[in-house]
>>> print(open('target-v2.pdb').read())   # PDB, C-alpha atoms
ATOM      1  CA  MET P 702     106.785 130.431  61.031
ATOM      2  CA  HIS P 703     105.386 131.552  64.391
ATOM      3  CA  ASP P 704     107.886 130.941  67.166
ATOM      4  CA  PRO P 705     106.068 130.783  70.524
ATOM      5  CA  ALA P 706     109.359 131.254  72.403
ATOM      6  CA  LYS P 707     109.914 134.662  70.792
ATOM      7  CA  ARG P 708     107.965 137.637  72.139
ATOM      8  CA  PRO P 709     106.192 139.423  69.270
ATOM      9  CA  PHE P 710     106.770 143.130  68.644
ATOM     10  CA  TYR P 711     103.170 143.758  69.705
ATOM     11  CA  LEU P 712     103.920 142.438  73.197
ATOM     12  CA  TRP P 713     106.956 144.693  73.569
ATOM     13  CA  VAL P 714     104.736 147.692  72.787
ATOM     14  CA  LEU P 715     102.354 146.520  75.540
ATOM     15  CA  ILE P 716     105.243 146.037  78.004
ATOM     16  CA  VAL P 717     106.453 149.613  77.325
ATOM     17  CA  LEU P 718     102.910 150.988  77.743
ATOM     18  CA  LEU P 719     102.392 149.147  81.042
ATOM     19  CA  ALA P 720     105.821 150.309  82.270
ATOM     20  CA  LEU P 721     104.882 153.934  81.436
ATOM     21  CA  PHE P 722     101.611 153.639  83.363
ATOM     22  CA  GLY P 723     103.522 152.043  86.257
ATOM     23  CA  LEU P 724     106.050 154.896  86.189
ATOM     24  CA  ASN P 725     103.215 157.443  86.171
ATOM     25  CA  SER P 726     101.637 155.789  89.245
ATOM     26  CA  THR P 727     105.021 155.644  91.018
ATOM     27  CA  LEU P 728     105.593 159.350  90.345
ATOM     28  CA  ARG P 729     102.105 160.111  91.701
ATOM     29  CA  LEU P 730     102.933 158.172  94.883
ATOM     30  CA  ALA P 731     106.347 159.867  95.243
ATOM     31  CA  ALA P 732     104.934 163.360  94.633
ATOM     32  CA  THR P 733     102.135 162.760  97.168
ATOM     33  CA  LEU P 734     104.582 161.543  99.824
ATOM     34  CA  ARG P 735     106.830 164.553  99.205
ATOM     35  CA  ALA P 736     103.995 167.097  99.325
ATOM     36  CA  TRP P 737     101.903 165.318 101.983
ATOM     37  CA  GLU P 738     101.884 168.185 104.482
ATOM     38  CA  ALA P 739     101.088 170.816 101.869
ATOM     39  CA  LEU P 740      98.219 168.709 100.424
ATOM     40  CA  ASP P 741      96.892 168.177 103.958
ATOM     41  CA  ALA P 742      97.218 171.868 104.874
ATOM     42  CA  PHE P 743      95.331 172.993 101.733
ATOM     43  CA  GLY P 744      92.586 170.438 102.460
ATOM     44  CA  THR P 745      92.715 168.865  98.971
ATOM     45  CA  GLN P 746      89.954 166.369  98.269
ATOM     46  CA  PRO P 747      89.923 163.331  98.298
ATOM     47  CA  GLY P 748      93.150 163.811 100.310
ATOM     48  CA  PRO P 749      96.802 162.702 100.203
ATOM     49  CA  LEU P 750      96.078 159.241 101.632
ATOM     50  CA  TYR P 751      93.805 158.465  98.658
ATOM     51  CA  LEU P 752      96.423 159.710  96.170
ATOM     52  CA  ALA P 753      99.206 157.730  97.856
ATOM     53  CA  VAL P 754      97.176 154.509  98.141
ATOM     54  CA  ASN P 755      95.959 154.448  94.521
ATOM     55  CA  GLY P 756      99.410 155.508  93.271
ATOM     56  CA  GLY P 757     100.990 152.651  95.245
ATOM     57  CA  ILE P 758      98.411 150.040  94.238
ATOM     58  CA  PHE P 759      98.623 150.826  90.509
ATOM     59  CA  ALA P 760     102.416 151.137  90.584
ATOM     60  CA  LEU P 761     102.556 147.624  92.053
ATOM     61  CA  ALA P 762      99.876 146.278  89.677
ATOM     62  CA  PHE P 763     101.647 147.555  86.532
ATOM     63  CA  LEU P 764     105.063 146.458  87.817
ATOM     64  CA  LEU P 765     103.607 143.001  88.456
ATOM     65  CA  ALA P 766     102.081 142.929  84.950
ATOM     66  CA  VAL P 767     105.397 143.927  83.314
ATOM     67  CA  THR P 768     107.307 141.333  85.379
ATOM     68  CA  ALA P 769     104.742 138.632  84.537
ATOM     69  CA  LEU P 770     105.051 139.347  80.795
ATOM     70  CA  LEU P 771     108.850 139.486  80.868
ATOM     71  CA  LEU P 772     109.158 136.264  82.887
ATOM     72  CA  ARG P 773     106.333 134.566  80.892
ATOM     73  CA  TRP P 774     104.295 133.618  83.941
ATOM     74  CA  ARG P 775     101.388 131.338  83.182
ATOM     75  CA  VAL P 776      98.986 133.865  84.730
ATOM     76  CA  ALA P 777     100.546 136.879  82.939
ATOM     77  CA  ALA P 778      97.540 137.413  80.656
ATOM     78  CA  TRP P 779      95.144 137.480  83.624
ATOM     79  CA  ILE P 780      97.362 139.895  85.582
ATOM     80  CA  VAL P 781      97.496 142.267  82.575
ATOM     81  CA  ARG P 782      93.717 142.005  82.031
ATOM     82  CA  GLY P 783      93.046 142.665  85.722
ATOM     83  CA  ALA P 784      95.453 145.620  85.928
ATOM     84  CA  VAL P 785      94.190 147.422  82.803
ATOM     85  CA  VAL P 786      90.460 146.848  83.411
ATOM     86  CA  VAL P 787      90.649 147.930  87.097
ATOM     87  CA  PHE P 788      92.796 150.943  86.160
ATOM     88  CA  ALA P 789      90.321 152.032  83.437
ATOM     89  CA  LEU P 790      87.366 151.654  85.832
ATOM     90  CA  TRP P 791      89.182 153.499  88.609
ATOM     91  CA  TYR P 792      90.188 156.293  86.199
ATOM     92  CA  TRP P 793      86.578 156.993  85.209
ATOM     93  CA  VAL P 794      85.148 156.631  88.722
ATOM     94  CA  ASP P 795      87.852 159.012  89.970
ATOM     95  CA  ARG P 796      87.271 161.474  87.158
ATOM     96  CA  LEU P 797      83.471 161.528  87.291
ATOM     97  CA  ALA P 798      82.746 160.973  90.991
ATOM     98  CA  LEU P 799      85.806 161.578  93.151
ATOM     99  CA  SER P 800      87.413 164.559  91.388
ATOM    100  CA  PRO P 801      84.466 166.615  90.114
ATOM    101  CA  GLY P 802      86.524 169.821  89.825
ATOM    102  CA  ARG P 803      88.318 168.667  86.645
ATOM    103  CA  PRO P 804      87.383 170.273  83.286
ATOM    104  CA  ALA P 805      84.890 168.235  81.250
ATOM    105  CA  GLU P 806      85.790 169.331  77.709
ATOM    106  CA  ASN P 807      88.195 166.424  77.114
ATOM    107  CA  ILE P 808      85.684 163.684  77.966
ATOM    108  CA  PRO P 809      85.092 162.387  74.356
ATOM    109  CA  PHE P 810      88.828 162.309  73.645
ATOM    110  CA  LEU P 811      89.617 160.577  76.949
ATOM    111  CA  ALA P 812      86.825 158.055  76.334
ATOM    112  CA  CYS P 813      88.397 157.258  72.930
ATOM    113  CA  LEU P 814      91.846 156.955  74.505
ATOM    114  CA  THR P 815      90.582 154.670  77.281
ATOM    115  CA  ALA P 816      88.686 152.419  74.842
ATOM    116  CA  PHE P 817      91.677 152.300  72.492
ATOM    117  CA  LEU P 818      94.288 151.449  75.139
ATOM    118  CA  LEU P 819      91.988 148.931  76.818
ATOM    119  CA  LEU P 820      91.337 147.185  73.502
ATOM    120  CA  PHE P 821      95.026 147.279  72.572
ATOM    121  CA  SER P 822      96.104 145.729  75.901
ATOM    122  CA  LEU P 823      93.422 143.040  75.918
ATOM    123  CA  THR P 824      94.031 142.014  72.298
ATOM    124  CA  ALA P 825      97.826 142.015  72.771
ATOM    125  CA  VAL P 826      97.601 139.327  75.464
ATOM    126  CA  TRP P 827      94.904 137.473  73.505
ATOM    127  CA  VAL P 828      97.031 137.325  70.332
ATOM    128  CA  TRP P 829     100.082 136.344  72.390
ATOM    129  CA  ARG P 830      98.221 133.524  74.108
ATOM    130  CA  GLU P 831      96.434 132.294  70.947
TER     131      GLU P 831
ATOM    132  CA  MET S 278     103.290 104.427  32.555
ATOM    133  CA  GLU S 279     104.944 102.778  35.541
ATOM    134  CA  THR S 280     102.828 102.526  38.702
ATOM    135  CA  LEU S 281     104.428 104.016  41.805
ATOM    136  CA  SER S 282     105.264 101.775  44.704
ATOM    137  CA  ILE S 283     103.356 102.076  47.999
ATOM    138  CA  GLU S 284     106.449 103.588  49.701
ATOM    139  CA  THR S 285     106.815 106.264  46.999
ATOM    140  CA  LYS S 286     103.115 107.119  47.173
ATOM    141  CA  LEU S 287     103.326 107.387  50.957
ATOM    142  CA  SER S 288     106.360 109.643  50.893
ATOM    143  CA  VAL S 289     104.722 111.875  48.238
ATOM    144  CA  LEU S 290     101.536 112.110  50.344
ATOM    145  CA  MET S 291     103.511 112.883  53.518
ATOM    146  CA  LYS S 292     105.459 115.616  51.722
ATOM    147  CA  LEU S 293     102.253 117.137  50.324
ATOM    148  CA  LEU S 294     100.656 116.997  53.783
ATOM    149  CA  GLU S 295     103.663 118.781  55.275
ATOM    150  CA  ILE S 296     103.510 121.468  52.558
ATOM    151  CA  GLN S 297      99.791 122.070  53.131
ATOM    152  CA  ILE S 298     100.200 122.271  56.957
ATOM    153  CA  ASP S 299     103.151 124.681  56.587
ATOM    154  CA  GLU S 300     101.121 126.816  54.194
ATOM    155  CA  LEU S 301      98.179 126.850  56.629
ATOM    156  CA  GLU S 302     100.465 127.991  59.476
ATOM    157  CA  ARG S 303     102.122 130.576  57.256
ATOM    158  CA  LYS S 304      98.761 132.114  56.331
ATOM    159  CA  ALA S 305      97.684 132.210  60.000
ATOM    160  CA  THR S 306     100.977 133.929  60.892
ATOM    161  CA  ILE S 307     100.507 136.507  58.117
ATOM    162  CA  GLU S 308      96.942 137.169  59.344
ATOM    163  CA  ARG S 309      98.228 137.695  62.895
ATOM    164  CA  ASN S 310     101.112 139.900  61.739
ATOM    165  CA  LEU S 311      98.798 142.058  59.627
ATOM    166  CA  PHE S 312      96.573 142.527  62.664
ATOM    167  CA  GLN S 313      99.502 143.348  64.965
ATOM    168  CA  TRP S 314     101.090 145.824  62.571
ATOM    169  CA  THR S 315      97.780 147.558  61.868
ATOM    170  CA  THR S 316      96.912 148.010  65.546
ATOM    171  CA  SER S 317     100.494 149.130  66.322
ATOM    172  CA  LEU S 318     100.242 151.659  63.486
ATOM    173  CA  LEU S 319      96.949 152.921  64.909
ATOM    174  CA  LEU S 320      98.600 153.248  68.329
ATOM    175  CA  ALA S 321     101.436 155.275  66.779
ATOM    176  CA  VAL S 322      98.920 157.537  64.995
ATOM    177  CA  PHE S 323      97.062 158.024  68.293
ATOM    178  CA  GLY S 324     100.397 159.098  69.838
ATOM    179  CA  VAL S 325     100.915 161.616  67.019
ATOM    180  CA  VAL S 326      97.348 162.933  67.513
ATOM    181  CA  ILE S 327      98.077 163.478  71.240
ATOM    182  CA  ALA S 328     101.385 165.200  70.416
ATOM    183  CA  LEU S 329      99.701 167.521  67.887
ATOM    184  CA  ALA S 330      96.582 168.198  69.990
ATOM    185  CA  ASP S 331      95.393 171.830  69.636
ATOM    186  CA  LYS S 332      98.363 172.725  67.414
ATOM    187  CA  THR S 333      96.492 172.560  64.109
ATOM    188  CA  ALA S 334      93.266 174.311  65.183
ATOM    189  CA  ALA S 335      94.650 177.768  64.346
ATOM    190  CA  LEU S 336      95.759 176.712  60.843
ATOM    191  CA  SER S 337      93.600 177.691  57.887
ATOM    192  CA  GLN S 338      93.941 174.152  56.474
ATOM    193  CA  ALA S 339      92.731 172.448  59.689
ATOM    194  CA  PHE S 340      89.746 170.866  57.921
ATOM    195  CA  PRO S 341      91.756 169.374  54.987
ATOM    196  CA  ILE S 342      94.321 168.117  57.539
ATOM    197  CA  LYS S 343      91.560 166.280  59.405
ATOM    198  CA  ILE S 344      90.182 164.805  56.170
ATOM    199  CA  LEU S 345      93.669 163.703  55.098
ATOM    200  CA  SER S 346      94.396 162.209  58.539
ATOM    201  CA  THR S 347      91.107 160.286  58.421
ATOM    202  CA  ILE S 348      92.083 158.809  55.031
ATOM    203  CA  VAL S 349      95.597 157.993  56.302
ATOM    204  CA  VAL S 350      94.051 156.045  59.202
ATOM    205  CA  SER S 351      91.181 154.416  57.274
ATOM    206  CA  ALA S 352      93.110 153.216  54.215
ATOM    207  CA  PRO S 353      95.583 150.870  55.985
ATOM    208  CA  ALA S 354      92.814 149.628  58.287
ATOM    209  CA  VAL S 355      90.540 148.729  55.351
ATOM    210  CA  LEU S 356      93.423 147.207  53.335
ATOM    211  CA  SER S 357      94.494 145.151  56.311
ATOM    212  CA  ILE S 358      90.940 143.802  56.812
ATOM    213  CA  VAL S 359      90.736 142.893  53.094
ATOM    214  CA  TRP S 360      94.118 141.088  53.254
ATOM    215  CA  ILE S 361      93.189 139.242  56.457
ATOM    216  CA  PHE S 362      90.010 137.889  54.841
ATOM    217  CA  ARG S 363      91.860 137.009  51.625
ATOM    218  CA  ARG S 364      94.377 134.917  53.617
ATOM    219  CA  SER S 365      91.588 133.360  55.623
ATOM    220  CA  ARG S 366      89.657 132.318  52.503
ATOM    221  CA  GLY S 367      92.853 130.982  50.912
ATOM    222  CA  SER S 368      93.566 128.796  53.932
ATOM    223  CA  VAL S 369      90.233 126.966  53.492
ATOM    224  CA  SER S 370      91.559 125.390  50.272
ATOM    225  CA  ASN S 371      94.620 124.178  52.217
ATOM    226  CA  THR S 372      92.397 122.461  54.778
ATOM    227  CA  ALA S 373      90.418 120.839  51.937
ATOM    228  CA  ALA S 374      93.704 119.507  50.494
ATOM    229  CA  ILE S 375      94.749 118.219  53.941
ATOM    230  CA  GLU S 376      91.408 116.410  54.257
ATOM    231  CA  GLN S 377      91.900 114.791  50.875
ATOM    232  CA  ILE S 378      95.427 113.623  51.792
ATOM    233  CA  GLN S 379      94.193 112.293  55.156
ATOM    234  CA  ASP S 380      91.485 110.409  53.291
ATOM    235  CA  LEU S 381      94.061 108.884  50.914
ATOM    236  CA  LEU S 382      96.196 107.881  53.913
ATOM    237  CA  GLY S 383      93.080 106.296  55.403
ATOM    238  CA  VAL S 384      93.602 107.863  58.817
ATOM    239  CA  PHE S 385      89.894 107.427  59.639
ATOM    240  CA  ASP S 386      89.716 103.820  58.420
ATOM    241  CA  GLU S 387      89.974 101.194  61.195
ATOM    242  CA  LYS S 388      90.566  98.387  58.679
ATOM    243  CA  ARG S 389      93.858  99.852  57.486
ATOM    244  CA  TYR S 390      95.406 100.299  60.934
ATOM    245  CA  GLY S 391      94.166  97.235  62.755
ATOM    246  CA  ALA S 392      92.069  97.756  65.891
ATOM    247  CA  HIS S 393      92.033 101.570  65.932
ATOM    248  CA  ALA S 394      92.322 104.280  63.289
ATOM    249  CA  PRO S 395      94.645 107.218  64.189
ATOM    250  CA  TYR S 396      91.683 109.608  64.116
ATOM    251  CA  PRO S 397      88.073 108.947  65.167
ATOM    252  CA  ARG S 398      85.566 108.541  62.317
ATOM    253  CA  ARG S 399      83.530 111.559  63.547
ATOM    254  CA  TRP S 400      86.430 113.884  62.575
ATOM    255  CA  GLU S 401      86.224 112.847  58.935
ATOM    256  CA  GLY S 402      85.243 115.717  56.611
ATOM    257  CA  THR S 403      85.055 118.307  59.415
ATOM    258  CA  LEU S 404      88.406 120.101  59.054
ATOM    259  CA  ALA S 405      87.614 122.318  56.037
ATOM    260  CA  SER S 406      84.066 123.127  57.155
ATOM    261  CA  SER S 407      85.135 124.036  60.709
ATOM    262  CA  HIS S 408      88.082 126.054  59.386
ATOM    263  CA  ALA S 409      85.744 127.999  57.078
ATOM    264  CA  LYS S 410      83.657 128.943  60.146
ATOM    265  CA  ARG S 411      86.556 130.179  62.298
ATOM    266  CA  LYS S 412      85.850 133.479  64.000
ATOM    267  CA  THR S 413      89.406 134.878  64.371
ATOM    268  CA  PRO S 414      89.320 137.073  61.182
ATOM    269  CA  TYR S 415      86.022 138.557  62.396
ATOM    270  CA  TYR S 416      87.540 139.331  65.832
ATOM    271  CA  TYR S 417      90.557 140.930  64.123
ATOM    272  CA  THR S 418      88.218 143.003  61.938
ATOM    273  CA  ALA S 419      86.086 144.148  64.884
ATOM    274  CA  VAL S 420      89.152 145.228  66.889
ATOM    275  CA  ILE S 421      90.737 147.071  63.925
ATOM    276  CA  MET S 422      87.448 148.862  63.160
ATOM    277  CA  ILE S 423      86.861 149.970  66.779
ATOM    278  CA  MET S 424      90.478 151.128  67.152
ATOM    279  CA  ALA S 425      90.373 153.017  63.831
ATOM    280  CA  ALA S 426      87.054 154.637  64.889
ATOM    281  CA  CYS S 427      88.662 155.751  68.189
ATOM    282  CA  VAL S 428      91.629 157.291  66.355
ATOM    283  CA  ILE S 429      89.411 159.047  63.772
ATOM    284  CA  LEU S 430      87.155 160.415  66.521
ATOM    285  CA  ALA S 431      90.228 161.647  68.409
ATOM    286  CA  ILE S 432      91.486 163.363  65.222
ATOM    287  CA  TRP S 433      88.200 165.273  64.863
ATOM    288  CA  VAL S 434      87.925 166.065  68.602
ATOM    289  CA  VAL S 435      91.444 167.285  69.430
ATOM    290  CA  LEU S 436      93.286 168.232  66.229
TER     291      LEU S 436
END
>>> encode(input="target-v2.pdb", output="structure tokens")
Amino acid sequence: MHDPAKRPFYLWVLIVLLALFGLNSTLRLAATLRAWEALDAFGTQPGPLYLAVNGGIFALAFLLAVTALLLRWRVAAWIVRGAVVVFALWYWVDRLALSPGRPAENIPFLACLTAFLLLFSLTAVWVWRE
Amino acid sequence: METLSIETKLSVLMKLLEIQIDELERKATIERNLFQWTTSLLLAVFGVVIALADKTAALSQAFPIKILSTIVVSAPAVLSIVWIFRRSRGSVSNTAAIEQIQDLLGVFDEKRYGAHAPYPRRWEGTLASSHAKRKTPYYYTAVIMIMAACVILAIWVVL
């Protein structure tokens, strides 16, 4: 019998994934803050401020999503949907428009990975809420 | 043969109704679990593909490995879709049984319950037909197929 009080295994996988993405964003923020002067001196584009701001925003967004799922907030599903969709959009805008120097050979694989993780996250909250 | 009393008939009907509702819930839970385990398995396979990226390209058996990996991903996905639809079709007969029991209990009949029947008359005969049209198994199938396609594409692109 389905017990709504018990978090399904599927949701734990999502929580771990979101926590990993949050950790990745936090590390990006920390590394940018530590190497701020060097990044500034080398004139990296789009600049350390951009790296720090998006690292901070996504670290907070994923932390909020993990907290919302763990504490079963009523709006948890919407927070998760918002965080993953905005992150996926930002990732592709950043990759294609803001960081044009990156190699392009991994595009099909990264497109598959993005679609897969987006679908996994969205269906996990859908199944949980159903 | 001795005719059953009204109380006995009622308790038998209530028990049968409970059994059918439990069975309906059990099938829905199995459907959901099959979906969750399949997508989690696909996620795990995607993780393995990332871990093994570019490590098999130099092997002479790279092509058979890709074929085998595609089968390993496709087979559970297809089986899971077949099982989900089997459960879904089976649950329609449970809803038909529930409708029949509700009809015997007269839950749509105002005369039996005084001023108001427990359920409105417009609900009569709609449970099985609406259950047969439910879209959830189709959503599960679409998600499993897209995820499996992503994993298979990743296998052929990076392995």
>>> interface_residues(input="target-v2.pdb", of="chain P", to="chain S", cutoff="9 Å", atoms="all atoms listed in the file", output="NGL selection string")
:P and (702-703 or 709-711 or 714 or 807 or 809-814 or 816-818 or 820-821 or 824-825 or 828)
>>> atom_distance(input="target-v2.pdb", atom1="atom CA of Ser357 of chain S", atom2="atom CA of Trp827 of chain P")
18.8 Å
>>> residues_around(input="target-v2.pdb", residues="Gly756 of chain P", least_positions_apart="5", cutoff="9 Å", atoms="only C-alpha atoms", output="PyMOL selection string")
chain P and resi 723+725-731+733+751+761
>>> write_last_selection(input="target-v2.pdb", atoms="C-alpha atoms", output="PDB file, in the coordinates of the input")
ATOM      1  CA  GLY P 723     103.522 152.043  86.257  1.00  0.00           C
ATOM      2  CA  ASN P 725     103.215 157.443  86.171  1.00  0.00           C
ATOM      3  CA  SER P 726     101.637 155.789  89.245  1.00  0.00           C
ATOM      4  CA  THR P 727     105.021 155.644  91.018  1.00  0.00           C
ATOM      5  CA  LEU P 728     105.593 159.350  90.345  1.00  0.00           C
ATOM      6  CA  ARG P 729     102.105 160.111  91.701  1.00  0.00           C
ATOM      7  CA  LEU P 730     102.933 158.172  94.883  1.00  0.00           C
ATOM      8  CA  ALA P 731     106.347 159.867  95.243  1.00  0.00           C
ATOM      9  CA  THR P 733     102.135 162.760  97.168  1.00  0.00           C
ATOM     10  CA  TYR P 751      93.805 158.465  98.658  1.00  0.00           C
ATOM     11  CA  LEU P 761     102.556 147.624  92.053  1.00  0.00           C
TER      12      LEU P 761
END
>>> atom_distance(input="target-v2.pdb", atom1="atom CA of Ala373 of chain S", atom2="atom CA of Ala419 of chain S")
27.0 Å
>>> residues_around(input="target-v2.pdb", residues="Ala778 of chain P", least_positions_apart="3", cutoff="8 Å", atoms="all atoms listed in the file", output="PyMOL selection string")
chain P and resi 770+775+781-782+826-827+830
>>> closest_residue(input="target-v2.pdb", among="P:Glu738, P:Asn755, P:Leu719, P:Leu771", to="Lys707 of chain P", atoms="only C-alpha atoms")
P:Leu771
>>> residues_around(input="target-v2.pdb", residues="Trp400 of chain S", least_positions_apart="5", cutoff="12 Å", atoms="only C-alpha atoms", output="list of chain:residue names")
S:Glu376, S:Gln379, S:Asp380, S:Val384, S:Phe385, S:Asp386, S:Ala394, S:Pro395, S:Ala405, S:Ser406, S:Ser407
>>> atom_distance(input="target-v2.pdb", atom1="atom CA of Asp741 of chain P", atom2="atom CA of Ser800 of chain P")
16.2 Å
>>> residues_near_point(input="target-v2.pdb", point="(94.3, 107.8, 43.9)", cutoff="10 Å", atoms="only C-alpha atoms", output="number ranges by chain")
S: 286, 378, 381
>>> write_last_selection(input="target-v2.pdb", atoms="C-alpha atoms", output="PDB file, in the frame of the given file")
ATOM      1  CA  LYS S 286     103.115 107.119  47.173  1.00  0.00           C
ATOM      2  CA  ILE S 378      95.427 113.623  51.792  1.00  0.00           C
ATOM      3  CA  LEU S 381      94.061 108.884  50.914  1.00  0.00           C
TER       4      LEU S 381
END
>>> resolve_selection(input="target-v2.pdb", expression="the PyMOL selection byres ((chain P and resi 743-747) around 10)", output="mmCIF file with C-alpha atoms, in the coordinates of the input")
data_model
loop_
_atom_site.group_PDB
_atom_site.id
_atom_site.type_symbol
_atom_site.label_atom_id
_atom_site.label_comp_id
_atom_site.auth_asym_id
_atom_site.auth_seq_id
_atom_site.Cartn_x
_atom_site.Cartn_y
_atom_site.Cartn_z
ATOM 1 C CA GLU P 738 101.884 168.185 104.482
ATOM 2 C CA ALA P 739 101.088 170.816 101.869
ATOM 3 C CA LEU P 740 98.219 168.709 100.424
ATOM 4 C CA ASP P 741 96.892 168.177 103.958
ATOM 5 C CA ALA P 742 97.218 171.868 104.874
ATOM 6 C CA GLY P 748 93.150 163.811 100.310
ATOM 7 C CA PRO P 749 96.802 162.702 100.203
ATOM 8 C CA LEU P 750 96.078 159.241 101.632
ATOM 9 C CA TYR P 751 93.805 158.465 98.658
ATOM 10 C CA LEU P 752 96.423 159.710 96.170
ATOM 11 C CA ASP P 795 87.852 159.012 89.970
ATOM 12 C CA LEU P 799 85.806 161.578 93.151
ATOM 13 C CA SER P 800 87.413 164.559 91.388
ATOM 14 C CA PRO P 801 84.466 166.615 90.114
ATOM 15 C CA GLY P 802 86.524 169.821 89.825
#
>>> residues_around(input="target-v2.pdb", residues="segment 362-368 of chain S", least_positions_apart="4", cutoff="7 Å", atoms="all atoms listed in the file", output="PyMOL selection string")
chain S and resi 301+304+308+358+372+414
>>> closest_residue(input="target-v2.pdb", among="S:Gln297, S:Gln338, S:Ser282, S:Thr347", to="Asn371 of chain S", atoms="all atoms listed in the file")
S:Gln297
>>> resolve_selection(input="target-v2.pdb", expression="the PyMOL selection byres ((chain P and resi 720) around 10)", output="PDB file with C-alpha atoms, in the coordinates of the input")
ATOM      1  CA  VAL P 714     104.736 147.692  72.787  1.00  0.00           C
ATOM      2  CA  LEU P 715     102.354 146.520  75.540  1.00  0.00           C
ATOM      3  CA  ILE P 716     105.243 146.037  78.004  1.00  0.00           C
ATOM      4  CA  VAL P 717     106.453 149.613  77.325  1.00  0.00           C
ATOM      5  CA  LEU P 718     102.910 150.988  77.743  1.00  0.00           C
ATOM      6  CA  LEU P 719     102.392 149.147  81.042  1.00  0.00           C
ATOM      7  CA  LEU P 721     104.882 153.934  81.436  1.00  0.00           C
ATOM      8  CA  PHE P 722     101.611 153.639  83.363  1.00  0.00           C
ATOM      9  CA  GLY P 723     103.522 152.043  86.257  1.00  0.00           C
ATOM     10  CA  LEU P 724     106.050 154.896  86.189  1.00  0.00           C
ATOM     11  CA  ASN P 725     103.215 157.443  86.171  1.00  0.00           C
ATOM     12  CA  SER P 726     101.637 155.789  89.245  1.00  0.00           C
ATOM     13  CA  ALA P 760     102.416 151.137  90.584  1.00  0.00           C
ATOM     14  CA  PHE P 763     101.647 147.555  86.532  1.00  0.00           C
ATOM     15  CA  LEU P 764     105.063 146.458  87.817  1.00  0.00           C
ATOM     16  CA  LEU P 765     103.607 143.001  88.456  1.00  0.00           C
ATOM     17  CA  ALA P 766     102.081 142.929  84.950  1.00  0.00           C
ATOM     18  CA  VAL P 767     105.397 143.927  83.314  1.00  0.00           C
ATOM     19  CA  THR P 768     107.307 141.333  85.379  1.00  0.00           C
TER      20      THR P 768
END
>>> build_atoms(input="target-v2.pdb", residues="segment 710-724 of chain P", atoms="N, CA and C atoms", output="PDB file, in the frame of the given file")
ATOM      1  N   PHE P 710     106.589 141.680  68.538  1.00  0.00           N
ATOM      2  CA  PHE P 710     106.770 143.130  68.644  1.00  0.00           C
ATOM      3  C   PHE P 710     105.603 143.771  69.409  1.00  0.00           C
ATOM      4  N   TYR P 711     104.405 143.279  69.101  1.00  0.00           N
ATOM      5  CA  TYR P 711     103.170 143.758  69.705  1.00  0.00           C
ATOM      6  C   TYR P 711     103.244 143.710  71.238  1.00  0.00           C
ATOM      7  N   LEU P 712     103.841 142.629  71.746  1.00  0.00           N
ATOM      8  CA  LEU P 712     103.920 142.438  73.197  1.00  0.00           C
ATOM      9  C   LEU P 712     104.922 143.413  73.814  1.00  0.00           C
ATOM     10  N   TRP P 713     105.981 143.716  73.079  1.00  0.00           N
ATOM     11  CA  TRP P 713     106.956 144.693  73.569  1.00  0.00           C
ATOM     12  C   TRP P 713     106.314 146.068  73.687  1.00  0.00           C
ATOM     13  N   VAL P 714     105.449 146.402  72.726  1.00  0.00           N
ATOM     14  CA  VAL P 714     104.736 147.692  72.787  1.00  0.00           C
ATOM     15  C   VAL P 714     103.880 147.717  74.060  1.00  0.00           C
ATOM     16  N   LEU P 715     103.194 146.606  74.332  1.00  0.00           N
ATOM     17  CA  LEU P 715     102.354 146.520  75.540  1.00  0.00           C
ATOM     18  C   LEU P 715     103.207 146.647  76.805  1.00  0.00           C
ATOM     19  N   ILE P 716     104.361 145.974  76.833  1.00  0.00           N
ATOM     20  CA  ILE P 716     105.243 146.037  78.004  1.00  0.00           C
ATOM     21  C   ILE P 716     105.674 147.488  78.258  1.00  0.00           C
ATOM     22  N   VAL P 717     106.033 148.196  77.181  1.00  0.00           N
ATOM     23  CA  VAL P 717     106.453 149.613  77.325  1.00  0.00           C
ATOM     24  C   VAL P 717     105.287 150.464  77.841  1.00  0.00           C
ATOM     25  N   LEU P 718     104.088 150.231  77.297  1.00  0.00           N
ATOM     26  CA  LEU P 718     102.910 150.988  77.743  1.00  0.00           C
ATOM     27  C   LEU P 718     102.631 150.756  79.229  1.00  0.00           C
ATOM     28  N   LEU P 719     102.659 149.482  79.637  1.00  0.00           N
ATOM     29  CA  LEU P 719     102.392 149.147  81.042  1.00  0.00           C
ATOM     30  C   LEU P 719     103.466 149.755  81.944  1.00  0.00           C
ATOM     31  N   ALA P 720     104.721 149.726  81.487  1.00  0.00           N
ATOM     32  CA  ALA P 720     105.821 150.309  82.270  1.00  0.00           C
ATOM     33  C   ALA P 720     105.615 151.818  82.431  1.00  0.00           C
ATOM     34  N   LEU P 721     105.134 152.484  81.359  1.00  0.00           N
ATOM     35  CA  LEU P 721     104.882 153.934  81.436  1.00  0.00           C
ATOM     36  C   LEU P 721     103.767 154.244  82.432  1.00  0.00           C
ATOM     37  N   PHE P 722     102.705 153.438  82.403  1.00  0.00           N
ATOM     38  CA  PHE P 722     101.611 153.639  83.363  1.00  0.00           C
ATOM     39  C   PHE P 722     102.096 153.365  84.793  1.00  0.00           C
ATOM     40  N   GLY P 723     102.948 152.355  84.940  1.00  0.00           N
ATOM     41  CA  GLY P 723     103.522 152.043  86.257  1.00  0.00           C
ATOM     42  C   GLY P 723     104.385 153.192  86.762  1.00  0.00           C
ATOM     43  N   LEU P 724     105.179 153.764  85.836  1.00  0.00           N
ATOM     44  CA  LEU P 724     106.050 154.896  86.189  1.00  0.00           C
ATOM     45  C   LEU P 724     105.212 156.102  86.608  1.00  0.00           C
TER      46      LEU P 724
END
